[in-house]
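J.: Here it is, the structure, as C-alpha coordinates.
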Amino acid sequence: MSELLFGLLFAHFFADYLCQTNRINELKNSQVKKEQRKGLLIHTGHHLICYIVIYSMIFFFYKNSSFQIFLTPIIICFIHFWIDFAKVRLIQEKNTLFKAIAYCVDQFLHVVAIYVVLQLITNETHYTTDDLVLFFKSLLSNDYNHVLFSLKDKIFLLGAITIITTHFYGYLFEIMLGPFKPSGTFKDTKIEAKLSQNTDAKENKLNEEYSYVVERTDTTTVYSEPPNRTGKYIGMIERLIIVILMTSKAISAIGFLIALKALTRFKQFEDKNFAEYYLIGNLLSVLFGFISSFFAMRILTL
(Lines give C-alpha, C1' and ligand atoms only; values in the text may rest on other atoms or scores of the structure.)
Protein backbone atom coordinates (compact mmCIF):
# COMPACT_ATOMS: atom_id res chain seq x y z
CA MET A 1 0.00 0.00 0.00
CA SER A 2 2.98 2.38 -0.38
CA GLU A 3 1.33 3.71 -3.55
CA LEU A 4 -1.48 5.07 -1.35
CA LEU A 5 0.97 7.21 0.63
CA PHE A 6 2.76 8.46 -2.48
CA GLY A 7 -0.55 8.95 -4.29
CA LEU A 8 -1.93 11.13 -1.50
CA LEU A 9 1.29 13.16 -1.42
CA PHE A 10 0.99 13.75 -5.16
CA ALA A 11 -2.69 14.69 -4.75
CA HIS A 12 -1.75 17.14 -1.99
CA PHE A 13 0.79 19.02 -4.13
CA PHE A 14 -1.51 18.91 -7.15
CA ALA A 15 -4.38 20.48 -5.20
CA ASP A 16 -2.16 22.91 -3.29
CA TYR A 17 -0.62 24.44 -6.41
CA LEU A 18 -2.27 23.47 -9.68
CA CYS A 19 -5.82 23.77 -8.35
CA GLN A 20 -5.24 26.95 -6.35
CA THR A 21 -6.06 30.01 -8.44
CA ASN A 22 -5.08 33.60 -7.68
CA ARG A 23 -8.67 34.29 -6.66
CA ILE A 24 -8.65 31.50 -4.06
CA ASN A 25 -5.32 32.74 -2.75
CA GLU A 26 -6.73 36.26 -2.41
CA LEU A 27 -9.72 34.93 -0.49
CA LYS A 28 -7.49 32.91 1.85
CA ASN A 29 -5.34 35.96 2.65
CA SER A 30 -8.25 38.38 2.89
CA GLN A 31 -8.65 40.51 6.00
CA VAL A 32 -12.38 39.78 5.92
CA LYS A 33 -12.98 36.63 7.97
CA LYS A 34 -15.96 35.51 5.90
CA GLU A 35 -13.97 35.64 2.66
CA GLN A 36 -11.00 33.99 4.39
CA ARG A 37 -13.09 31.03 5.52
CA LYS A 38 -14.65 30.78 2.06
CA GLY A 39 -11.22 30.60 0.42
CA LEU A 40 -10.01 27.97 2.90
CA LEU A 41 -13.13 25.83 2.39
CA ILE A 42 -12.83 25.97 -1.40
CA HIS A 43 -9.15 25.10 -1.17
CA THR A 44 -9.82 22.20 1.22
CA GLY A 45 -12.61 20.98 -1.06
CA HIS A 46 -10.15 20.77 -3.95
CA HIS A 47 -7.91 18.60 -1.78
CA LEU A 48 -10.80 16.29 -0.91
CA ILE A 49 -11.68 15.85 -4.58
CA CYS A 50 -8.07 15.05 -5.50
CA TYR A 51 -7.79 12.52 -2.65
CA ILE A 52 -11.01 10.82 -3.75
CA VAL A 53 -9.70 10.59 -7.32
CA ILE A 54 -6.52 8.90 -6.06
CA TYR A 55 -8.55 6.46 -3.97
CA SER A 56 -10.80 5.59 -6.90
CA MET A 57 -7.72 4.90 -9.03
CA ILE A 58 -5.92 2.50 -6.69
CA PHE A 59 -8.24 1.12 -3.96
CA PHE A 60 -9.15 -1.90 -6.14
CA PHE A 61 -5.60 -3.15 -5.71
CA TYR A 62 -5.96 -3.49 -1.92
CA LYS A 63 -6.97 -6.62 -0.13
CA ASN A 64 -9.04 -6.49 3.02
CA SER A 65 -9.71 -2.77 2.66
CA SER A 66 -11.80 -1.63 5.59
CA PHE A 67 -14.21 1.26 5.83
CA GLN A 68 -11.78 3.08 8.13
CA ILE A 69 -9.27 3.60 5.35
CA PHE A 70 -11.78 5.68 3.40
CA LEU A 71 -12.07 8.11 6.31
CA THR A 72 -8.47 9.23 5.77
CA PRO A 73 -9.24 11.88 3.09
CA ILE A 74 -11.79 13.55 5.38
CA ILE A 75 -9.45 13.51 8.38
CA ILE A 76 -6.51 14.77 6.30
CA CYS A 77 -8.62 17.58 4.84
CA PHE A 78 -9.85 18.56 8.32
CA ILE A 79 -6.24 18.86 9.54
CA HIS A 80 -5.26 20.65 6.33
CA PHE A 81 -7.91 23.32 6.89
CA TRP A 82 -6.66 24.18 10.38
CA ILE A 83 -2.99 24.19 9.38
CA ASP A 84 -3.74 26.66 6.59
CA PHE A 85 -5.96 28.68 8.92
CA ALA A 86 -3.12 29.00 11.44
CA LYS A 87 -0.60 29.92 8.73
CA VAL A 88 -2.80 32.66 7.28
CA ARG A 89 -3.24 34.21 10.73
CA LEU A 90 0.45 33.99 11.61
CA ILE A 91 2.05 35.45 8.48
CA GLN A 92 0.00 38.64 8.35
CA GLU A 93 2.33 41.66 8.40
CA LYS A 94 5.40 39.54 9.20
CA ASN A 95 8.92 39.90 7.79
CA THR A 96 10.27 37.97 4.83
CA LEU A 97 12.26 35.41 6.83
CA PHE A 98 9.24 34.51 8.95
CA LYS A 99 7.04 34.12 5.86
CA ALA A 100 9.58 31.86 4.13
CA ILE A 101 9.94 29.66 7.23
CA ALA A 102 6.16 29.53 7.72
CA TYR A 103 5.71 28.57 4.07
CA CYS A 104 8.12 25.61 4.38
CA VAL A 105 6.81 24.52 7.79
CA ASP A 106 3.26 24.62 6.41
CA GLN A 107 4.11 22.12 3.66
CA PHE A 108 6.10 19.96 6.07
CA LEU A 109 3.12 19.73 8.45
CA HIS A 110 0.79 18.76 5.61
CA VAL A 111 3.10 15.92 4.56
CA VAL A 112 3.51 14.73 8.17
CA ALA A 113 -0.28 14.83 8.64
CA ILE A 114 -0.81 12.53 5.65
CA TYR A 115 1.80 10.09 6.93
CA VAL A 116 0.53 10.07 10.53
CA VAL A 117 -3.13 9.60 9.55
CA LEU A 118 -2.25 6.66 7.31
CA GLN A 119 -0.05 5.21 10.04
CA LEU A 120 -2.84 5.36 12.61
CA ILE A 121 -5.65 4.10 10.37
CA THR A 122 -4.11 1.52 8.03
CA ASN A 123 -1.68 -0.22 10.44
CA GLU A 124 0.37 -1.32 7.43
CA THR A 125 4.08 -2.19 7.68
CA HIS A 126 4.82 0.14 4.77
CA TYR A 127 4.33 3.11 7.07
CA THR A 128 6.56 2.15 10.00
CA THR A 129 9.30 4.53 11.11
CA ASP A 130 12.02 2.02 10.17
CA ASP A 131 10.70 1.77 6.62
CA LEU A 132 10.53 5.56 6.41
CA VAL A 133 14.17 5.86 7.49
CA LEU A 134 15.16 3.19 4.97
CA PHE A 135 13.25 5.08 2.28
CA PHE A 136 15.24 8.28 2.85
CA LYS A 137 18.51 6.36 3.08
CA SER A 138 17.75 4.79 -0.30
CA LEU A 139 17.15 8.23 -1.78
CA LEU A 140 20.33 9.75 -0.38
CA SER A 141 22.87 6.96 -0.81
CA ASN A 142 23.75 4.24 -3.28
CA ASP A 143 24.64 1.96 -0.36
CA TYR A 144 20.95 1.47 0.42
CA ASN A 145 19.06 -0.05 -2.48
CA HIS A 146 16.72 -2.23 -0.44
CA VAL A 147 13.60 -0.21 -1.34
CA LEU A 148 11.94 -1.23 -4.60
CA PHE A 149 9.34 1.08 -6.10
CA SER A 150 6.51 -0.12 -8.28
CA LEU A 151 5.59 1.75 -11.45
CA LYS A 152 2.74 3.52 -9.62
CA ASP A 153 5.13 4.56 -6.85
CA LYS A 154 7.53 6.10 -9.33
CA ILE A 155 4.76 7.91 -11.23
CA PHE A 156 3.35 9.49 -8.05
CA LEU A 157 6.79 10.41 -6.67
CA LEU A 158 8.03 11.90 -9.94
CA GLY A 159 4.76 13.81 -10.28
CA ALA A 160 5.21 15.25 -6.78
CA ILE A 161 8.84 16.18 -7.51
CA THR A 162 7.76 17.92 -10.72
CA ILE A 163 5.24 20.10 -8.88
CA ILE A 164 7.74 20.83 -6.09
CA THR A 165 10.38 21.80 -8.66
CA THR A 166 8.12 24.12 -10.62
CA HIS A 167 5.63 25.59 -8.15
CA PHE A 168 6.90 25.04 -4.59
CA TYR A 169 10.33 26.48 -5.38
CA GLY A 170 8.79 29.26 -7.46
CA TYR A 171 6.61 30.59 -4.64
CA LEU A 172 9.46 30.15 -2.13
CA PHE A 173 11.81 32.24 -4.30
CA GLU A 174 9.12 34.86 -4.72
CA ILE A 175 8.94 35.25 -0.93
CA MET A 176 12.72 35.16 -0.38
CA LEU A 177 13.60 37.59 -3.18
CA GLY A 178 10.83 40.06 -2.42
CA PRO A 179 13.10 42.54 -0.57
CA PHE A 180 15.70 42.42 -3.37
CA LYS A 181 13.27 43.13 -6.20
CA PRO A 182 14.29 46.37 -8.00
CA SER A 183 11.87 49.22 -8.52
CA GLY A 184 11.76 48.70 -12.28
CA THR A 185 13.39 52.04 -13.19
CA PHE A 186 17.02 53.01 -13.64
CA LYS A 187 18.87 56.09 -14.90
CA ASP A 188 21.21 55.88 -17.83
CA THR A 189 23.78 58.59 -18.66
CA LYS A 190 24.68 59.02 -22.31
CA ILE A 191 27.66 61.15 -23.34
CA GLU A 192 28.07 62.17 -26.97
CA ALA A 193 30.64 64.32 -28.80
CA LYS A 194 29.14 66.28 -31.66
CA LEU A 195 30.91 68.26 -34.36
CA SER A 196 29.77 71.90 -34.32
CA GLN A 197 30.75 74.80 -36.66
CA ASN A 198 32.01 77.98 -34.97
CA THR A 199 29.80 81.09 -35.29
CA ASP A 200 32.65 83.21 -36.68
CA ALA A 201 33.41 80.62 -39.31
CA LYS A 202 29.85 80.73 -40.60
CA GLU A 203 30.28 84.38 -41.57
CA ASN A 204 33.58 83.70 -43.33
CA LYS A 205 33.06 80.76 -45.67
CA LEU A 206 36.68 80.88 -46.81
CA ASN A 207 37.98 79.89 -43.40
CA GLU A 208 35.64 77.35 -41.84
CA GLU A 209 36.43 76.15 -38.33
CA TYR A 210 34.79 73.30 -36.41
CA SER A 211 34.88 72.24 -32.78
CA TYR A 212 33.62 69.30 -30.78
CA VAL A 213 30.85 69.86 -28.26
CA VAL A 214 30.37 67.25 -25.53
CA GLU A 215 26.75 66.69 -24.58
CA ARG A 216 25.55 64.67 -21.59
CA THR A 217 22.05 63.24 -21.58
CA ASP A 218 20.40 61.60 -18.58
CA THR A 219 17.58 59.22 -19.42
CA THR A 220 15.32 57.18 -17.19
CA THR A 221 14.34 53.74 -18.44
CA VAL A 222 11.30 52.04 -16.97
CA TYR A 223 10.88 48.25 -16.95
CA SER A 224 7.68 46.77 -15.61
CA GLU A 225 6.97 43.14 -14.81
CA PRO A 226 4.30 41.74 -17.17
CA PRO A 227 0.91 41.35 -15.48
CA ASN A 228 0.92 37.61 -16.22
CA ARG A 229 4.20 37.18 -14.24
CA THR A 230 6.09 35.70 -17.15
CA GLY A 231 9.38 35.65 -15.24
CA LYS A 232 8.07 33.19 -12.66
CA TYR A 233 6.86 30.78 -15.34
CA ILE A 234 10.18 31.04 -17.18
CA GLY A 235 11.88 29.95 -13.94
CA MET A 236 9.49 27.02 -13.59
CA ILE A 237 10.22 25.83 -17.12
CA GLU A 238 13.96 26.34 -16.58
CA ARG A 239 14.04 24.11 -13.48
CA LEU A 240 11.92 21.46 -15.21
CA ILE A 241 14.24 21.41 -18.22
CA ILE A 242 17.25 21.13 -15.88
CA VAL A 243 15.69 18.03 -14.31
CA ILE A 244 15.03 16.52 -17.73
CA LEU A 245 18.55 17.27 -18.95
CA MET A 246 20.16 15.91 -15.78
CA THR A 247 18.16 12.67 -15.84
CA SER A 248 19.00 12.21 -19.52
CA LYS A 249 22.69 13.00 -18.77
CA ALA A 250 22.79 15.99 -21.13
CA ILE A 251 24.47 18.23 -18.55
CA SER A 252 26.38 20.33 -21.10
CA ALA A 253 23.12 21.73 -22.48
CA ILE A 254 22.32 23.42 -19.15
CA GLY A 255 24.87 26.17 -19.86
CA PHE A 256 23.11 27.00 -23.12
CA LEU A 257 19.78 27.13 -21.27
CA ILE A 258 21.12 29.61 -18.70
CA ALA A 259 22.67 31.80 -21.42
CA LEU A 260 19.43 31.81 -23.39
CA LYS A 261 17.50 32.95 -20.32
CA ALA A 262 20.01 35.75 -19.64
CA LEU A 263 19.72 36.96 -23.23
CA THR A 264 16.04 37.84 -22.73
CA ARG A 265 16.96 40.27 -19.91
CA PHE A 266 20.20 41.60 -21.43
CA LYS A 267 19.17 45.26 -21.54
CA GLN A 268 18.03 45.24 -17.91
CA PHE A 269 21.51 44.16 -16.76
CA GLU A 270 22.55 47.81 -17.10
CA ASP A 271 20.77 48.31 -13.80
CA LYS A 272 23.06 46.96 -11.05
CA ASN A 273 20.18 46.25 -8.66
CA PHE A 274 18.36 44.19 -11.24
CA ALA A 275 21.56 42.34 -12.23
CA GLU A 276 22.14 41.28 -8.60
CA TYR A 277 18.48 40.35 -8.17
CA TYR A 278 18.55 38.27 -11.34
CA LEU A 279 21.83 36.57 -10.37
CA ILE A 280 20.57 35.51 -6.92
CA GLY A 281 17.30 34.21 -8.36
CA ASN A 282 19.01 32.35 -11.20
CA LEU A 283 21.57 30.70 -8.90
CA LEU A 284 18.83 29.57 -6.53
CA SER A 285 16.76 28.24 -9.42
CA VAL A 286 19.68 26.23 -10.84
CA LEU A 287 20.73 24.94 -7.40
CA PHE A 288 17.28 23.64 -6.51
CA GLY A 289 16.89 22.28 -10.03
CA PHE A 290 19.99 20.17 -9.40
CA ILE A 291 18.60 18.98 -6.06
CA SER A 292 15.35 17.85 -7.68
CA SER A 293 17.34 16.15 -10.45
CA PHE A 294 19.28 14.16 -7.87
CA PHE A 295 16.12 12.79 -6.23
CA ALA A 296 14.47 12.12 -9.59
CA MET A 297 17.45 10.06 -10.75
CA ARG A 298 17.51 8.11 -7.47
CA ILE A 299 13.81 7.27 -7.79
CA LEU A 300 14.27 6.07 -11.36
CA THR A 301 17.09 3.73 -10.30
CA LEU A 302 15.22 2.16 -7.36
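Residue numbering restarts at 1 in every chain; chains get A, B, ... in the order shown in the C-alpha coordinates, and ligands count up from 1 in that same order.
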For Ser30 in chain A, list every protein, DNA or RNA residue within 12 Å, evaluated using only C-alpha atoms, and leave out those in the same chain fewer than 4 positions away; present the list as a count of residues only.

T.: 15

J.: Within 12 Å of range 6-11 of chain A, which residues of range 18-97 of chain A show up? Give each one with its shortest atom-to-atom distance in Å (one decimal) and the two atoms involved, counting only C-alpha atoms, rows by chain then rising residue number, as a Markdown table.

T.:
```
| residue | atom | partner | partner_atom | distance |
| --- | --- | --- | --- | --- |
| A:Leu18 | CA | A:Ala11 | CA | 10.1 |
| A:Cys19 | CA | A:Ala11 | CA | 10.3 |
| A:Thr44 | CA | A:Ala11 | CA | 12.0 |
| A:His46 | CA | A:Ala11 | CA | 9.7 |
| A:His47 | CA | A:Ala11 | CA | 7.2 |
| A:Leu48 | CA | A:Ala11 | CA | 9.1 |
| A:Ile49 | CA | A:Ala11 | CA | 9.1 |
| A:Cys50 | CA | A:Ala11 | CA | 5.4 |
| A:Tyr51 | CA | A:Ala11 | CA | 5.9 |
| A:Ile52 | CA | A:Ala11 | CA | 9.2 |
| A:Val53 | CA | A:Ala11 | CA | 8.5 |
| A:Ile54 | CA | A:Gly7 | CA | 6.2 |
| A:Tyr55 | CA | A:Gly7 | CA | 8.4 |
| A:Ser56 | CA | A:Gly7 | CA | 11.1 |
| A:Met57 | CA | A:Gly7 | CA | 9.5 |
| A:Ile58 | CA | A:Gly7 | CA | 8.7 |
| A:Phe59 | CA | A:Gly7 | CA | 11.0 |
| A:Thr72 | CA | A:Leu8 | CA | 10.0 |
| A:Pro73 | CA | A:Leu8 | CA | 8.7 |
| A:Ile76 | CA | A:Leu8 | CA | 9.7 |
| A:Cys77 | CA | A:Leu8 | CA | 11.3 |
```

J.: Out of A:His12, A:His167, A:His80, A:Arg239, which residue has the shortest atom-to-atom distance to Val286 in chain A when counting only C-alpha atoms?

T.: A:Arg239

J.: For CA of Ile83 in chain A and CA of Lys154 in chain A, determine how far apart the two atoms are, in Å to one decimal place.

T.: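 Spanning CA of Ile83 in chain A to CA of Lys154 in chain A is a straight-line distance of 28.1 Å.
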
J.: Write out as a list of chain:residue names each polymer residue whose atoms come within 12 Å of Thr264 in chain A, counting only C-alpha atoms; drop sequence neighbours fewer than 5 positions from it.

T.: A:Thr230, A:Gly231, A:Ile234, A:Leu257, A:Ile258, A:Ala259, A:Phe269, A:Tyr278

J.: With distances taken over only C-alpha atoms, which of A:Met236, A:Leu97, A:Ile114, A:Ile121 is nearest to Leu71 in chain A?

T.: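 Once distances to Leu71 in chain A are computed over only C-alpha atoms, the minimum belongs to A:Ile121.
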
J.: Please indicate the distance in Å from CA of Gly170 in chain A to CA of Lys232 in chain A, rounded to one decimal place.

T.: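 Calculated distance between CA of Gly170 in chain A and CA of Lys232 in chain A is 6.6 Å.
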
J.: Just want the 10 Å neighbourhood of Met246 in chain A, counted on only C-alpha atoms, with same-chain residues fewer than 6 positions away dropped. Output as an NGL selection string.

T.: :A and (240 or 252-254 or 289-290 or 292-294 or 296-297)

J.: What does the file look like for those residues with all heavy atoms, as an mmCIF file, in the first residue's frame?

T.:
```cif
data_model
loop_
_atom_site.group_PDB
_atom_site.id
_atom_site.type_symbol
_atom_site.label_atom_id
_atom_site.label_comp_id
_atom_site.auth_asym_id
_atom_site.auth_seq_id
_atom_site.Cartn_x
_atom_site.Cartn_y
_atom_site.Cartn_z
ATOM 1 N N LEU A 240 12.422 22.720 -14.660
ATOM 2 C CA LEU A 240 11.915 21.462 -15.207
ATOM 3 C C LEU A 240 12.838 20.938 -16.301
ATOM 4 O O LEU A 240 13.133 19.734 -16.356
ATOM 5 C CB LEU A 240 10.503 21.671 -15.754
ATOM 6 C CG LEU A 240 9.779 20.425 -16.279
ATOM 7 C CD1 LEU A 240 9.651 19.374 -15.185
ATOM 8 C CD2 LEU A 240 8.412 20.797 -16.835
ATOM 9 N N SER A 252 25.760 19.223 -20.372
ATOM 10 C CA SER A 252 26.385 20.332 -21.103
ATOM 11 C C SER A 252 25.361 21.308 -21.673
ATOM 12 O O SER A 252 25.673 22.481 -21.898
ATOM 13 C CB SER A 252 27.259 19.793 -22.230
ATOM 14 O OG SER A 252 26.488 18.993 -23.118
ATOM 15 N N ALA A 253 24.143 20.848 -21.899
ATOM 16 C CA ALA A 253 23.115 21.727 -22.477
ATOM 17 C C ALA A 253 22.564 22.719 -21.461
ATOM 18 O O ALA A 253 21.893 23.681 -21.851
ATOM 19 C CB ALA A 253 21.978 20.881 -23.040
ATOM 20 N N ILE A 254 22.839 22.512 -20.180
ATOM 21 C CA ILE A 254 22.323 23.418 -19.147
ATOM 22 C C ILE A 254 22.933 24.810 -19.292
ATOM 23 O O ILE A 254 22.266 25.828 -19.078
ATOM 24 C CB ILE A 254 22.594 22.838 -17.751
ATOM 25 C CG1 ILE A 254 21.821 21.521 -17.581
ATOM 26 C CG2 ILE A 254 22.198 23.824 -16.659
ATOM 27 C CD1 ILE A 254 22.081 20.822 -16.265
ATOM 28 N N GLY A 289 17.121 23.170 -8.895
ATOM 29 C CA GLY A 289 16.890 22.280 -10.029
ATOM 30 C C GLY A 289 17.795 21.065 -9.972
ATOM 31 O O GLY A 289 17.372 19.937 -10.251
ATOM 32 N N PHE A 290 19.053 21.276 -9.571
ATOM 33 C CA PHE A 290 19.989 20.167 -9.404
ATOM 34 C C PHE A 290 19.550 19.229 -8.283
ATOM 35 O O PHE A 290 19.673 18.000 -8.393
ATOM 36 C CB PHE A 290 21.398 20.694 -9.118
ATOM 37 C CG PHE A 290 22.104 21.240 -10.313
ATOM 38 C CD1 PHE A 290 23.103 22.190 -10.186
ATOM 39 C CD2 PHE A 290 21.775 20.810 -11.586
ATOM 40 C CE1 PHE A 290 23.761 22.697 -11.291
ATOM 41 C CE2 PHE A 290 22.418 21.298 -12.706
ATOM 42 C CZ PHE A 290 23.419 22.254 -12.569
ATOM 43 N N SER A 292 16.473 18.656 -7.196
ATOM 44 C CA SER A 292 15.347 17.855 -7.682
ATOM 45 C C SER A 292 15.816 16.784 -8.662
ATOM 46 O O SER A 292 15.289 15.665 -8.669
ATOM 47 C CB SER A 292 14.308 18.767 -8.356
ATOM 48 O OG SER A 292 13.726 19.653 -7.423
ATOM 49 N N SER A 293 16.804 17.125 -9.482
ATOM 50 C CA SER A 293 17.342 16.151 -10.448
ATOM 51 C C SER A 293 17.953 14.960 -9.732
ATOM 52 O O SER A 293 17.796 13.809 -10.164
ATOM 53 C CB SER A 293 18.389 16.821 -11.334
ATOM 54 O OG SER A 293 17.841 17.915 -12.023
ATOM 55 N N PHE A 294 18.654 15.235 -8.635
ATOM 56 C CA PHE A 294 19.281 14.156 -7.871
ATOM 57 C C PHE A 294 18.239 13.164 -7.366
ATOM 58 O O PHE A 294 18.386 11.944 -7.532
ATOM 59 C CB PHE A 294 20.071 14.747 -6.699
ATOM 60 C CG PHE A 294 20.571 13.725 -5.724
ATOM 61 C CD1 PHE A 294 21.703 12.972 -6.016
ATOM 62 C CD2 PHE A 294 19.910 13.510 -4.529
ATOM 63 C CE1 PHE A 294 22.166 12.024 -5.119
ATOM 64 C CE2 PHE A 294 20.365 12.565 -3.622
ATOM 65 C CZ PHE A 294 21.491 11.810 -3.917
ATOM 66 N N ALA A 296 15.155 12.767 -8.468
ATOM 67 C CA ALA A 296 14.470 12.121 -9.594
ATOM 68 C C ALA A 296 15.288 10.965 -10.142
ATOM 69 O O ALA A 296 14.739 9.882 -10.433
ATOM 70 C CB ALA A 296 14.212 13.157 -10.693
ATOM 71 N N MET A 297 16.597 11.147 -10.251
ATOM 72 C CA MET A 297 17.453 10.062 -10.750
ATOM 73 C C MET A 297 17.508 8.893 -9.771
ATOM 74 O O MET A 297 17.533 7.729 -10.175
ATOM 75 C CB MET A 297 18.862 10.601 -11.016
ATOM 76 C CG MET A 297 18.933 11.510 -12.243
ATOM 77 S SD MET A 297 20.637 11.967 -12.707
ATOM 78 C CE MET A 297 21.091 12.995 -11.305
#
```

J.: So the first atom is CA of Phe180 in chain A and the second is CA of Ile161 in chain A; what is the distance between them in Å, to one decimal place?

T.: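 Interatomic distance, CA of Phe180 in chain A to CA of Ile161 in chain A: 27.4 Å.
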
J.: Give me the residues within 12 Å of Gly178 in chain A as a list of chain:residue names, counting only C-alpha atoms and dropping any in the same chain fewer than 4 places off.

T.: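 These residues fall inside the cut-off: A:Asn95, A:Thr96, A:Leu97, A:Lys99, A:Ala100, A:Tyr171, A:Leu172, A:Phe173, A:Glu174, A:Pro182, A:Ser183, A:Tyr277, A:Tyr278, A:Ile280, A:Gly281.
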
J.: Out of A:Leu263, A:Leu120, A:Ala15, A:Ile42, which residue has the shortest atom-to-atom distance to Leu27 in chain A when counting only C-alpha atoms?

T.: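 Of all the options, A:Ile42 lies closest to Leu27 in chain A.
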
J.: Which one of A:Phe135, A:Tyr169, A:Phe288, A:Phe78 sits closest to Gly45 in chain A if you count only C-alpha atoms?

T.: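 Nearest to Gly45 in chain A: A:Phe78.
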